[in-house]
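Text of start27.cif (mmCIF, C-alpha atoms) as supplied:
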data_work
#
loop_
_atom_site.label_atom_id
_atom_site.label_comp_id
_atom_site.auth_asym_id
_atom_site.auth_seq_id
_atom_site.Cartn_x
_atom_site.Cartn_y
_atom_site.Cartn_z
CA MET A 1 11.20 63.30 -27.85
CA VAL A 2 9.44 65.25 -30.59
CA ARG A 3 12.35 64.66 -32.97
CA ARG A 4 12.27 60.92 -32.22
CA LEU A 5 8.53 60.82 -32.91
CA ASN A 6 8.99 62.68 -36.18
CA LEU A 7 11.67 60.24 -37.29
CA ALA A 8 9.42 57.32 -36.35
CA THR A 9 6.57 58.87 -38.36
CA LEU A 10 8.80 59.29 -41.40
CA VAL A 11 10.16 55.73 -41.18
CA PHE A 12 6.66 54.31 -40.66
CA PHE A 13 5.25 55.98 -43.73
CA THR A 14 8.26 55.03 -45.85
CA VAL A 15 8.30 51.37 -44.80
CA LEU A 16 4.54 50.80 -44.92
CA PRO A 17 4.09 51.30 -48.67
CA THR A 18 7.24 49.31 -49.41
CA PHE A 19 5.85 46.40 -47.40
CA ALA A 20 2.51 46.69 -49.17
CA VAL A 21 4.29 46.50 -52.50
CA SER A 22 6.28 43.42 -51.54
CA ILE A 23 3.05 41.47 -51.03
CA GLU A 24 2.09 41.82 -54.68
CA VAL A 25 5.53 41.64 -56.24
CA GLY A 26 5.36 37.85 -56.59
CA ASP A 27 2.86 38.13 -59.46
CA GLY A 28 3.85 36.71 -62.89
CA ARG A 29 3.21 34.42 -65.87
CA TRP A 30 0.92 36.83 -67.55
CA GLN A 31 -0.49 34.58 -70.20
CA ARG A 32 -2.07 32.22 -67.68
CA LYS A 33 -3.72 35.11 -65.92
CA VAL A 34 -5.61 36.49 -68.90
CA PRO A 35 -9.33 36.09 -68.22
CA GLU A 36 -11.20 34.04 -70.80
CA ALA A 37 -13.37 36.96 -71.83
CA ALA A 38 -10.29 39.08 -72.53
CA ARG A 39 -8.54 36.23 -74.37
CA LEU A 40 -11.43 35.88 -76.82
CA ARG A 41 -11.81 39.55 -77.63
CA ILE A 42 -11.66 40.38 -81.32
CA ASN A 43 -9.34 43.08 -82.60
CA PRO A 44 -11.60 45.79 -84.05
CA MET A 45 -8.60 47.24 -85.91
CA ALA A 46 -7.52 43.99 -87.53
CA ASP A 47 -8.84 44.97 -90.96
CA ALA A 48 -8.33 48.73 -90.74
CA PRO A 49 -6.24 49.73 -93.75
CA ASP A 50 -3.57 51.75 -91.96
CA ALA A 51 -3.62 50.03 -88.55
CA ILE A 52 -0.26 48.31 -89.08
CA ALA A 53 1.45 51.59 -90.03
CA ALA A 54 -0.22 53.41 -87.14
CA GLY A 55 0.75 50.60 -84.78
CA ALA A 56 4.33 50.78 -86.06
CA LYS A 57 4.38 54.47 -85.25
CA LEU A 58 3.09 53.82 -81.75
CA PHE A 59 5.66 51.07 -81.34
CA GLN A 60 8.52 53.40 -82.26
CA GLN A 61 7.20 56.06 -79.87
CA ASN A 62 6.53 53.87 -76.87
CA CYS A 63 8.15 50.44 -77.16
CA ALA A 64 11.28 50.61 -79.33
CA SER A 65 13.51 52.02 -76.59
CA CYS A 66 13.19 48.71 -74.71
CA HIS A 67 12.31 46.16 -77.40
CA GLY A 68 14.42 47.57 -80.24
CA LYS A 69 13.44 49.40 -83.40
CA ARG A 70 12.72 46.12 -85.17
CA ALA A 71 11.24 44.48 -82.05
CA GLU A 72 14.35 42.31 -81.86
CA GLY A 73 14.74 42.84 -78.09
CA ILE A 74 17.47 44.68 -76.20
CA LEU A 75 19.39 43.21 -73.28
CA ARG A 76 16.80 41.62 -70.94
CA HIS A 77 13.83 43.07 -72.86
CA PRO A 78 12.40 40.26 -74.98
CA ASP A 79 12.32 39.80 -78.74
CA LEU A 80 8.73 40.21 -79.92
CA ARG A 81 9.13 38.22 -83.13
CA THR A 82 8.77 34.91 -81.36
CA ASP A 83 6.25 32.08 -81.38
CA ARG A 84 4.83 33.30 -78.09
CA ILE A 85 3.63 36.52 -79.73
CA LYS A 86 2.71 34.71 -82.93
CA ASN A 87 0.53 32.23 -81.07
CA ALA A 88 -1.01 34.70 -78.62
CA THR A 89 -4.54 35.81 -79.39
CA PRO A 90 -5.11 39.54 -80.09
CA GLY A 91 -7.12 39.66 -76.87
CA GLU A 92 -4.19 38.32 -74.85
CA LEU A 93 -1.84 40.91 -76.32
CA GLU A 94 -4.27 43.74 -75.65
CA TRP A 95 -4.67 42.50 -72.07
CA LEU A 96 -0.88 42.45 -71.67
CA LEU A 97 -0.56 46.01 -72.97
CA LYS A 98 -3.30 47.21 -70.65
CA ASN A 99 -2.09 45.42 -67.51
CA GLY A 100 1.61 45.00 -68.12
CA SER A 101 3.63 42.27 -66.50
CA MET A 102 4.99 44.42 -63.77
CA LYS A 103 6.97 41.77 -61.95
CA ASN A 104 8.94 41.23 -65.15
CA GLY A 105 9.51 44.91 -65.87
CA MET A 106 6.75 45.42 -68.45
CA PRO A 107 4.74 48.49 -67.44
CA SER A 108 1.02 48.96 -67.94
CA TRP A 109 0.13 50.92 -71.07
CA SER A 110 -3.37 51.73 -69.93
CA ARG A 111 -2.59 55.40 -70.56
CA LEU A 112 -2.82 54.62 -74.27
CA PRO A 113 -6.50 54.69 -75.24
CA GLU A 114 -7.89 51.25 -76.09
CA PRO A 115 -8.11 51.90 -79.87
CA GLN A 116 -4.36 52.69 -79.86
CA ARG A 117 -3.62 49.46 -78.00
CA TRP A 118 -5.49 47.56 -80.73
CA GLN A 119 -3.42 49.39 -83.37
CA LEU A 120 -0.31 48.18 -81.55
CA VAL A 121 -1.67 44.62 -81.44
CA THR A 122 -2.28 44.74 -85.20
CA PHE A 123 1.34 45.76 -85.70
CA LEU A 124 2.67 43.06 -83.35
CA LYS A 125 0.71 40.36 -85.15
CA SER A 126 2.10 41.62 -88.47
CA LEU A 127 5.65 40.93 -87.26
CA ASN A 128 5.15 37.20 -87.55
CA MET B 1 42.17 66.54 -57.37
CA THR B 2 43.07 66.23 -61.07
CA CYS B 3 41.95 62.62 -60.92
CA CYS B 4 38.54 63.59 -59.47
CA PHE B 5 38.08 66.35 -62.02
CA ALA B 6 38.91 63.95 -64.85
CA LYS B 7 36.39 61.42 -63.51
CA PHE B 8 33.74 64.10 -63.20
CA ALA B 9 34.47 65.38 -66.72
CA ARG B 10 34.19 61.87 -68.15
CA LEU B 11 30.89 61.32 -66.36
CA ALA B 12 29.57 64.69 -67.55
CA ILE B 13 30.53 63.93 -71.16
CA ALA B 14 28.91 60.49 -70.94
CA VAL B 15 25.68 61.95 -69.54
CA ALA B 16 25.61 64.73 -72.15
CA SER B 17 26.16 62.31 -75.00
CA VAL B 18 23.39 60.01 -73.74
CA VAL B 19 21.00 62.94 -73.47
CA LEU B 20 21.87 64.23 -76.91
CA THR B 21 21.86 60.93 -78.75
CA SER B 22 19.34 58.83 -76.88
CA GLY B 23 16.12 57.57 -78.31
CA ARG B 24 13.42 59.70 -76.76
CA ALA B 25 10.26 58.33 -75.34
CA LEU B 26 7.17 60.46 -75.15
CA ALA B 27 7.05 62.36 -71.90
CA GLN B 28 4.18 61.51 -69.60
CA GLU B 29 0.96 63.36 -69.94
CA GLY B 30 -0.35 64.71 -66.77
CA TYR B 31 -1.36 67.51 -64.59
CA PHE B 32 0.49 70.14 -62.62
CA VAL B 33 -0.88 69.31 -59.18
CA THR B 34 -2.87 66.08 -59.49
CA TYR B 35 -1.13 62.72 -59.79
CA SER B 36 -2.50 59.83 -61.80
CA HIS B 37 -1.42 56.19 -61.43
CA GLN B 38 0.87 56.56 -64.42
CA MET B 39 4.41 55.73 -63.28
CA GLU B 40 7.66 56.49 -65.03
CA GLU B 41 8.71 53.52 -67.17
CA PRO B 42 11.58 51.58 -65.53
CA GLY B 43 14.99 52.93 -66.54
CA ASN B 44 13.58 56.16 -67.98
CA LEU B 45 14.44 59.60 -66.65
CA GLU B 46 12.05 62.49 -67.11
CA ILE B 47 13.34 66.00 -66.69
CA ALA B 48 10.66 68.65 -66.31
CA VAL B 49 10.28 72.28 -65.39
CA LYS B 50 7.03 73.42 -63.81
CA SER B 51 6.64 77.17 -63.53
CA LEU B 52 4.00 79.22 -61.83
CA THR B 53 3.58 82.96 -62.16
CA ALA B 54 1.16 85.33 -60.47
CA SER B 55 0.84 88.95 -59.53
CA PRO B 56 -0.70 89.00 -56.06
CA GLU B 57 -2.37 92.13 -54.77
CA GLY B 58 -0.13 93.81 -52.20
CA ALA B 59 2.99 91.89 -53.21
CA ASN B 60 5.42 91.67 -56.09
CA ALA B 61 4.88 89.53 -59.16
CA PHE B 62 6.91 86.33 -59.13
CA VAL B 63 7.85 83.28 -61.15
CA ALA B 64 8.35 80.10 -59.13
CA ASN B 65 10.06 77.15 -60.79
CA ALA B 66 10.34 73.52 -59.84
CA LEU B 67 12.96 71.50 -61.71
CA GLU B 68 11.97 67.86 -61.55
CA PHE B 69 13.98 64.68 -62.13
CA GLU B 70 11.77 61.61 -62.17
CA TYR B 71 13.27 58.14 -62.48
CA GLY B 72 11.43 54.89 -63.00
CA ALA B 73 13.14 52.54 -60.55
CA LYS B 74 10.65 49.71 -61.06
CA THR B 75 7.32 49.34 -62.82
CA TRP B 76 5.73 49.91 -59.40
CA TRP B 77 8.12 52.51 -58.01
CA SER B 78 8.99 56.00 -59.26
CA SER B 79 11.31 58.36 -57.43
CA GLU B 80 11.51 62.12 -58.00
CA VAL B 81 13.64 64.98 -56.82
CA TYR B 82 12.46 68.57 -57.17
CA LEU B 83 14.70 71.61 -56.89
CA ASP B 84 12.65 74.74 -56.26
CA GLY B 85 13.54 78.36 -56.90
CA GLN B 86 11.87 81.63 -57.66
CA SER B 87 12.37 85.15 -58.95
CA THR B 88 10.35 87.97 -57.47
CA SER B 89 10.15 91.35 -59.12
CA GLY B 90 11.96 94.00 -57.06
CA GLU B 91 13.26 91.42 -54.59
CA SER B 92 15.60 88.60 -55.58
CA THR B 93 16.10 85.24 -57.21
CA LEU B 94 16.75 82.39 -54.85
CA PHE B 95 16.87 78.65 -54.40
CA THR B 96 14.04 77.78 -52.05
CA GLY B 97 14.67 74.12 -51.31
CA PHE B 98 14.18 70.56 -52.43
CA ARG B 99 11.61 67.79 -52.31
CA TRP B 100 12.15 64.05 -52.58
CA GLU B 101 9.14 61.94 -53.34
CA ASN B 102 8.47 58.28 -53.98
CA ARG B 103 5.38 56.70 -55.45
CA PHE B 104 4.49 53.05 -55.01
CA ARG B 105 1.86 51.13 -56.90
CA PRO B 106 0.73 48.27 -54.64
CA LEU B 107 -1.56 46.46 -57.11
CA LEU B 108 0.34 45.18 -60.11
CA ARG B 109 -2.55 45.04 -62.53
CA GLU B 110 -4.97 47.51 -64.00
CA HIS B 111 -8.18 47.85 -62.00
CA TRP B 112 -11.26 50.02 -62.21
CA ILE B 113 -9.64 52.25 -59.56
CA ASN B 114 -5.87 52.08 -59.23
CA PRO B 115 -4.32 53.17 -55.93
CA VAL B 116 -0.83 54.63 -55.64
CA LEU B 117 0.86 55.52 -52.34
CA TYR B 118 2.96 58.65 -52.28
CA VAL B 119 5.55 59.64 -49.68
CA GLU B 120 7.44 62.92 -49.78
CA PHE B 121 9.97 64.77 -47.67
CA GLU B 122 10.50 68.45 -48.36
CA ASP B 123 12.94 70.99 -46.99
CA ILE B 124 11.96 74.39 -48.31
CA ASN B 125 11.93 78.06 -47.45
CA SER B 126 8.48 79.22 -46.38
CA ALA B 127 8.68 81.87 -49.12
CA ASP B 128 8.44 79.09 -51.74
CA LYS B 129 5.49 79.68 -54.06
CA ALA B 130 5.73 76.74 -56.46
CA LEU B 131 2.35 75.60 -55.09
CA LEU B 132 2.69 71.95 -56.02
CA GLU B 133 -0.16 71.28 -53.62
CA VAL B 134 -2.60 73.23 -51.49
CA VAL B 135 -3.21 71.97 -47.96
CA GLY B 136 -4.62 73.14 -44.64
CA HIS B 137 -5.38 76.82 -44.47
CA ASP B 138 -3.04 77.88 -47.30
CA THR B 139 -4.60 81.06 -48.63
CA ARG B 140 -3.62 83.95 -50.88
CA ASP B 141 -1.77 85.48 -47.90
CA ALA B 142 1.00 82.93 -48.52
CA PHE B 143 1.83 84.85 -51.71
CA LEU B 144 2.66 87.93 -49.62
CA GLU B 145 5.77 86.26 -48.13
CA ARG B 146 8.93 88.02 -49.21
CA ASN B 147 11.91 86.21 -50.71
CA ASP B 148 14.14 87.25 -47.81
CA ARG B 149 12.12 85.15 -45.39
CA HIS B 150 14.40 82.43 -44.04
CA GLU B 151 12.01 80.23 -42.10
CA LYS B 152 12.73 76.62 -43.09
CA LYS B 153 9.93 74.12 -43.39
CA ARG B 154 10.71 70.43 -43.14
CA GLU B 155 7.59 68.53 -43.98
CA ALA B 156 6.44 64.98 -44.59
CA GLU B 157 3.64 64.54 -47.06
CA LEU B 158 1.48 61.55 -47.83
CA LYS B 159 -0.95 61.12 -50.67
CA LEU B 160 -3.41 58.46 -51.59
CA ILE B 161 -3.69 58.60 -55.37
CA LEU B 162 -6.72 56.95 -56.96
CA SER B 163 -6.88 56.91 -60.72
CA THR B 164 -8.89 55.38 -63.55
CA ASN B 165 -8.34 55.19 -67.30
CA VAL B 166 -11.60 54.71 -69.13
CA LYS B 167 -12.53 55.30 -72.77
CA GLY B 168 -9.51 57.55 -73.29
CA TRP B 169 -10.22 59.61 -70.19
CA ASN B 170 -8.02 59.73 -67.13
CA ILE B 171 -9.86 60.51 -63.91
CA SER B 172 -7.67 61.01 -60.84
CA GLU B 173 -8.34 61.85 -57.21
CA ASN B 174 -5.67 62.64 -54.62
CA VAL B 175 -6.13 62.88 -50.87
CA ILE B 176 -3.26 64.76 -49.26
CA ALA B 177 -1.98 64.80 -45.67
CA GLU B 178 1.01 66.96 -44.80
CA LYS B 179 2.85 67.48 -41.52
CA ASN B 180 5.41 70.07 -40.62
CA LEU B 181 8.00 68.09 -38.67
CA ALA B 182 8.50 70.99 -36.26
CA GLY B 183 5.37 69.87 -34.47
CA GLU B 184 2.57 71.51 -36.44
CA PRO B 185 -0.71 69.59 -36.80
CA TRP B 186 -1.49 67.44 -39.82
CA GLU B 187 -2.93 69.46 -42.70
CA PHE B 188 -5.17 68.07 -45.40
CA GLY B 189 -5.95 68.82 -49.01
CA TYR B 190 -7.28 67.32 -52.22
CA ALA B 191 -6.70 67.39 -55.95
CA LEU B 192 -8.98 66.11 -58.70
CA GLY B 193 -8.16 65.86 -62.39
CA VAL B 194 -9.65 64.72 -65.68
CA SER B 195 -7.90 64.70 -69.05
CA ARG B 196 -8.22 63.13 -72.46
CA PRO B 197 -6.25 63.12 -75.71
CA LEU B 198 -8.08 64.89 -78.51
CA ALA B 199 -7.87 61.78 -80.72
CA LEU B 200 -8.16 58.16 -79.60
CA LEU B 201 -6.56 56.73 -82.76
CA VAL B 202 -3.22 57.71 -84.20
CA SER B 203 -2.74 58.33 -87.88
CA SER B 204 -0.20 56.36 -89.87
CA SER B 205 1.60 59.50 -91.04
CA GLN B 206 4.05 61.56 -89.04
CA CYS B 207 2.51 64.80 -87.83
CA THR B 208 3.34 67.51 -85.34
CA PHE B 209 0.22 69.65 -84.97
CA CYS B 210 -2.41 66.95 -85.05
CA ARG B 211 -5.06 66.02 -82.53
CA GLU B 212 -3.33 62.83 -81.38
CA ASN B 213 -0.50 64.96 -79.95
CA LEU B 214 -2.81 67.25 -77.99
CA SER B 215 -4.66 66.57 -74.80
CA ALA B 216 -7.00 68.71 -72.75
CA GLY B 217 -8.36 68.49 -69.27
CA ALA B 218 -8.88 70.28 -66.00
CA GLU B 219 -7.88 69.95 -62.39
CA MET B 220 -9.33 71.26 -59.17
CA TYR B 221 -7.37 71.45 -55.94
CA GLY B 222 -7.59 73.02 -52.52
CA GLY B 223 -7.17 72.76 -48.78
CA LEU B 224 -9.30 70.88 -46.28
CA GLY B 225 -8.09 72.46 -43.04
CA ASP B 226 -6.05 70.72 -40.41
CA ARG B 227 -6.43 68.20 -37.62
CA HIS B 228 -7.96 70.79 -35.28
CA SER B 229 -10.25 72.47 -37.83
CA PHE B 230 -11.04 70.08 -40.63
CA GLY B 231 -13.27 71.43 -43.38
CA LEU B 232 -13.55 74.19 -45.94
CA HIS B 233 -13.47 77.15 -43.54
CA GLU B 234 -10.58 79.55 -44.34
CA THR B 235 -9.29 77.43 -47.21
CA SER B 236 -8.47 78.23 -50.83
CA HIS B 237 -9.54 76.34 -53.95
CA TYR B 238 -8.61 76.50 -57.62
CA LEU B 239 -10.02 75.29 -60.91
CA ALA B 240 -7.52 75.02 -63.75
CA PRO B 241 -8.04 73.90 -67.33
CA ILE B 242 -4.93 72.32 -68.90
CA VAL B 243 -3.73 71.81 -72.45
CA ALA B 244 -0.71 69.70 -73.34
CA TRP B 245 1.13 69.30 -76.62
CA ARG B 246 3.60 66.50 -77.25
CA VAL B 247 6.15 67.19 -79.92
CA PRO B 248 6.83 63.81 -81.56
CA GLY B 249 10.32 62.67 -80.52
CA GLY B 250 10.71 65.80 -78.41
CA PRO B 251 9.42 67.56 -75.34
CA THR B 252 5.89 67.97 -74.03
CA PHE B 253 4.59 71.46 -73.32
CA LYS B 254 1.78 72.18 -70.87
CA PHE B 255 -0.13 75.31 -70.04
CA SER B 256 -2.74 75.89 -67.38
CA PRO B 257 -4.47 79.05 -66.17
CA GLY B 258 -5.78 78.51 -62.63
CA PHE B 259 -8.74 80.44 -61.31
CA GLY B 260 -9.34 81.04 -57.61
CA LEU B 261 -12.78 79.87 -56.54
CA ASN B 262 -13.22 81.91 -53.36
CA ASP B 263 -11.98 85.09 -51.71
CA LYS B 264 -9.16 83.18 -49.96
CA SER B 265 -7.68 82.13 -53.31
CA GLN B 266 -5.35 84.03 -55.60
CA PRO B 267 -7.65 85.10 -58.47
CA LEU B 268 -5.32 83.98 -61.30
CA LEU B 269 -2.34 81.62 -61.46
CA LEU B 270 -0.57 80.83 -64.71
CA ARG B 271 1.37 77.60 -64.99
CA PHE B 272 3.75 76.50 -67.75
CA GLY B 273 5.54 73.20 -68.02
CA VAL B 274 8.07 71.52 -70.26
CA SER B 275 9.08 67.89 -69.86
CA TYR B 276 11.47 65.67 -71.71
CA GLU B 277 11.98 61.98 -71.27
CA ILE B 278 15.25 60.12 -71.78
CA SER B 279 14.63 56.45 -72.26
CA GLN B 280 16.72 53.71 -70.66
CA ILE B 281 19.33 56.14 -69.40
CA ALA B 282 20.97 53.74 -66.94
CA SER B 283 21.67 51.00 -69.47
CA LYS B 284 22.99 53.53 -71.99
CA LEU B 285 25.36 54.98 -69.43
CA ARG B 286 26.54 51.48 -68.51
CA ARG B 287 27.23 50.64 -72.14
CA ARG B 288 29.38 53.76 -72.48
#

Could the structure of this file be written out as structure tokens, please?
Amino acid sequence: MVRRLNLATLVFFTVLPTFAVSIEVGDGRWQRKVPEAARLRINPMADAPDAIAAGAKLFQQNCASCHGKRAEGILRHPDLRTDRIKNATPGELEWLLKNGSMKNGMPSWSRLPEPQRWQLVTFLKSLN
Amino acid sequence: MTCCFAKFARLAIAVASVVLTSGRALAQEGYFVTYSHQMEEPGNLEIAVKSLTASPEGANAFVANALEFEYGAKTWWSSEVYLDGQSTSGESTLFTGFRWENRFRPLLREHWINPVLYVEFEDINSADKALLEVVGHDTRDAFLERNDRHEKKREAELKLILSTNVKGWNISENVIAEKNLAGEPWEFGYALGVSRPLALLVSSSQCTFCRENLSAGAEMYGGLGDRHSFGLHETSHYLAPIVAWRVPGGPTFKFSPGFGLNDKSQPLLLRFGVSYEISQIASKLRRR
């Protein structure tokens, strides 16, 4: 009886979080979800003299393994030299880096401090 | 038999070549005991060693090691296996057991407070001193257990991880509930952590010993009793500053001296950690 209860406890606590996750997994289309205030944010690093080089370094450290060393995309990870990135506002890109697009496999990079995310945005905008 | 050996050898060579030639991502920052909401990136494998050494009064000095393999299955799901072992002066070196844990991030965007659900099963010798968490009435007496003790503990552990990234700081709180599946009562514990990189901007030049590669912080953890005696009575608590150094393109090293905060705690614990992240290991293996 005790063993059966223990097994039930284990199954319950394994299934519960998986179910909770499945509720949110249907999220997507990141660009439409960017709040207006975030979309309009101005990149404070846009004119910093070495922001592109610093952003390139961050890109090689954190992004190149999925998106390629020249941001050309690898397998299902997208090319970042496209019109979508070119036309996105700096605020949208910073929002994407902070929140990710988890349904599509893009993790959140909130562990990078905000100034570093802006350095990355400066680099991404320089690609186009 | 020859066929199986050949298959195993081919797999081993493929794995070794991926490890040796892969592009390396920066290993995750973090704590020794506290978890943040940072998950392993999907497809990445982090290999880490967490060591703890202490010299308890009335027992032999020891080094306990936990070898960790953490894989990012999804952006919202990380799975980890720990293999624990320890060497005790004048006693022996032994494998003490394993842990399998899974972390799930239910909210797929960044919020002010980000919850993560953690589920773990562990099967370890009660002599294990890796101290990856403190729960219930765990006190310094646990360090007196000898290596030849063979009592097995099979435990389920749940954590609610709450974590915030703000202005370069990470602030994390963990609430822990653990149950010995042999019918012991639920035990509770906590862990709190704060950390921050020493520089919020990176420089454009390559550097090894610069502030952007260093982070500092502290964690505090301890027990909260069990279902029958919840509270701080007969519990141990620790405060531990942490420094971490990421070698660009290489491993991350961590060091943390932990100080016992009451007479039930071991006065000094020293922790060392090395972690190394292999990016996109599954797709590289497939391509080979």

Residues of chain B within 8 Å of chain A: nearest atom pair and distance (Å, one decimal) for each, counting all atoms listed in the file, sorted by chain and number, as CSV?
residue,atom,partner,partner_atom,distance
B:Gly23,CA,A:Ser65,CA,6.4
B:Arg24,CA,A:Ser65,CA,7.7
B:Ala25,CA,A:Gln61,CA,5.9
B:Leu26,CA,A:Gln61,CA,6.5
B:Gln38,CA,A:Arg111,CA,7.1
B:Glu41,CA,A:Pro107,CA,6.4
B:Pro42,CA,A:Gly105,CA,7.0
B:Lys74,CA,A:Gly105,CA,6.9
B:Thr75,CA,A:Pro107,CA,5.4
B:Trp76,CA,A:Met102,CA,7.1
B:Phe104,CA,A:Pro17,CA,6.6
B:Arg105,CA,A:Val21,CA,6.8
B:Pro106,CA,A:Val21,CA,4.5
B:Leu107,CA,A:Glu24,CA,6.4
B:Leu108,CA,A:Met102,CA,6.0
B:Arg109,CA,A:Asn99,CA,5.0
B:Glu110,CA,A:Asn99,CA,5.0
B:Leu117,CA,A:Pro17,CA,6.5
B:Val119,CA,A:Thr14,CA,6.6
B:Ala156,CA,A:Leu10,CA,6.9
B:Leu158,CA,A:Phe13,CA,7.9
B:Asn165,CA,A:Ser110,CA,6.6
B:Val166,CA,A:Pro113,CA,8.0
B:Lys167,CA,A:Pro113,CA,6.5
B:Gly168,CA,A:Pro113,CA,4.6
B:Trp169,CA,A:Pro113,CA,8.0
B:Asn170,CA,A:Arg111,CA,7.7
B:Leu181,CA,A:Asn6,CA,6.0
B:Gly183,CA,A:Val2,CA,7.3
B:Leu200,CA,A:Pro113,CA,5.8
B:Leu201,CA,A:Gln116,CA,5.4
B:Val202,CA,A:Ala54,CA,6.0
B:Ser203,CA,A:Ala54,CA,5.6
B:Ser204,CA,A:Ala54,CA,4.0
B:Ser205,CA,A:Ala54,CA,7.5
B:Pro248,CA,A:Gln61,CA,7.9
B:Gly249,CA,A:Gln61,CA,7.3
B:Ser279,CA,A:Ser65,CA,6.3
B:Gln280,CA,A:Ser65,CA,7.0

Keeping only C-alpha atoms, write the selected residues as a JSON list (two decimals), in the frame of the given file.
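result00.json, freshly written:
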[["chain", "number", "residue", "atom", "x", "y", "z"],
["B", 23, "GLY", "CA", 16.12, 57.57, -78.31],
["B", 24, "ARG", "CA", 13.42, 59.70, -76.76],
["B", 25, "ALA", "CA", 10.26, 58.33, -75.34],
["B", 26, "LEU", "CA", 7.17, 60.46, -75.15],
["B", 38, "GLN", "CA", 0.87, 56.56, -64.42],
["B", 41, "GLU", "CA", 8.71, 53.52, -67.17],
["B", 42, "PRO", "CA", 11.58, 51.58, -65.53],
["B", 74, "LYS", "CA", 10.65, 49.71, -61.06],
["B", 75, "THR", "CA", 7.32, 49.34, -62.82],
["B", 76, "TRP", "CA", 5.73, 49.91, -59.40],
["B", 104, "PHE", "CA", 4.49, 53.05, -55.01],
["B", 105, "ARG", "CA", 1.86, 51.13, -56.90],
["B", 106, "PRO", "CA", 0.73, 48.27, -54.64],
["B", 107, "LEU", "CA", -1.56, 46.46, -57.11],
["B", 108, "LEU", "CA", 0.34, 45.18, -60.11],
["B", 109, "ARG", "CA", -2.55, 45.04, -62.53],
["B", 110, "GLU", "CA", -4.97, 47.51, -64.00],
["B", 117, "LEU", "CA", 0.86, 55.52, -52.34],
["B", 119, "VAL", "CA", 5.55, 59.64, -49.68],
["B", 156, "ALA", "CA", 6.44, 64.98, -44.59],
["B", 158, "LEU", "CA", 1.48, 61.55, -47.83],
["B", 165, "ASN", "CA", -8.34, 55.19, -67.30],
["B", 166, "VAL", "CA", -11.60, 54.71, -69.13],
["B", 167, "LYS", "CA", -12.53, 55.30, -72.77],
["B", 168, "GLY", "CA", -9.51, 57.55, -73.29],
["B", 169, "TRP", "CA", -10.22, 59.61, -70.19],
["B", 170, "ASN", "CA", -8.02, 59.73, -67.13],
["B", 181, "LEU", "CA", 8.00, 68.09, -38.67],
["B", 183, "GLY", "CA", 5.37, 69.87, -34.47],
["B", 200, "LEU", "CA", -8.16, 58.16, -79.60],
["B", 201, "LEU", "CA", -6.56, 56.73, -82.76],
["B", 202, "VAL", "CA", -3.22, 57.71, -84.20],
["B", 203, "SER", "CA", -2.74, 58.33, -87.88],
["B", 204, "SER", "CA", -0.20, 56.36, -89.87],
["B", 205, "SER", "CA", 1.60, 59.50, -91.04],
["B", 248, "PRO", "CA", 6.83, 63.81, -81.56],
["B", 249, "GLY", "CA", 10.32, 62.67, -80.52],
["B", 279, "SER", "CA", 14.63, 56.45, -72.26],
["B", 280, "GLN", "CA", 16.72, 53.71, -70.66]]

Please enumerate the residues selected by the PyMOL selection byres ((chain B and resi 55-58) around 12) when evaluated against the supplied file, formatted as a short mmCIF file (atom, residue, chain, number, x, y, z; two decimals) with C-alpha atoms, keeping the file's coordinate frame.
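Output file selection-v7.cif is given in full below:
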data_model
loop_
_atom_site.label_atom_id
_atom_site.label_comp_id
_atom_site.auth_asym_id
_atom_site.auth_seq_id
_atom_site.Cartn_x
_atom_site.Cartn_y
_atom_site.Cartn_z
CA LEU B 52 4.00 79.22 -61.83
CA THR B 53 3.58 82.96 -62.16
CA ALA B 54 1.16 85.33 -60.47
CA ALA B 59 2.99 91.89 -53.21
CA ASN B 60 5.42 91.67 -56.09
CA ALA B 61 4.88 89.53 -59.16
CA PHE B 62 6.91 86.33 -59.13
CA VAL B 63 7.85 83.28 -61.15
CA ALA B 64 8.35 80.10 -59.13
CA THR B 88 10.35 87.97 -57.47
CA SER B 89 10.15 91.35 -59.12
CA LYS B 129 5.49 79.68 -54.06
CA THR B 139 -4.60 81.06 -48.63
CA ARG B 140 -3.62 83.95 -50.88
CA ASP B 141 -1.77 85.48 -47.90
CA ALA B 142 1.00 82.93 -48.52
CA PHE B 143 1.83 84.85 -51.71
CA LEU B 144 2.66 87.93 -49.62
CA GLU B 145 5.77 86.26 -48.13
CA ARG B 146 8.93 88.02 -49.21
CA GLY B 260 -9.34 81.04 -57.61
CA LYS B 264 -9.16 83.18 -49.96
CA SER B 265 -7.68 82.13 -53.31
CA GLN B 266 -5.35 84.03 -55.60
CA PRO B 267 -7.65 85.10 -58.47
CA LEU B 268 -5.32 83.98 -61.30
CA LEU B 269 -2.34 81.62 -61.46
CA LEU B 270 -0.57 80.83 -64.71
#

>> Would you compute the distance between atom CA of B:Glu101 and atom CA of B:Tyr71? Give it in Å to one decimal.
In response: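 Computing it gives 10.7 Å between the two atoms.
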
The PyMOL selection byres ((chain A and resi 43) around 8) resolved against shown file, as a short mmCIF file (atom, residue, chain, number, x, y, z; two decimals) with C-alpha atoms, in the coordinates of the input:
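Now in expr-v6.cif:
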data_model
loop_
_atom_site.label_atom_id
_atom_site.label_comp_id
_atom_site.auth_asym_id
_atom_site.auth_seq_id
_atom_site.Cartn_x
_atom_site.Cartn_y
_atom_site.Cartn_z
CA ARG A 41 -11.81 39.55 -77.63
CA ILE A 42 -11.66 40.38 -81.32
CA PRO A 44 -11.60 45.79 -84.05
CA MET A 45 -8.60 47.24 -85.91
CA ALA A 46 -7.52 43.99 -87.53
CA PRO A 90 -5.11 39.54 -80.09
CA GLY A 91 -7.12 39.66 -76.87
CA TRP A 118 -5.49 47.56 -80.73
CA VAL A 121 -1.67 44.62 -81.44
CA THR A 122 -2.28 44.74 -85.20
#
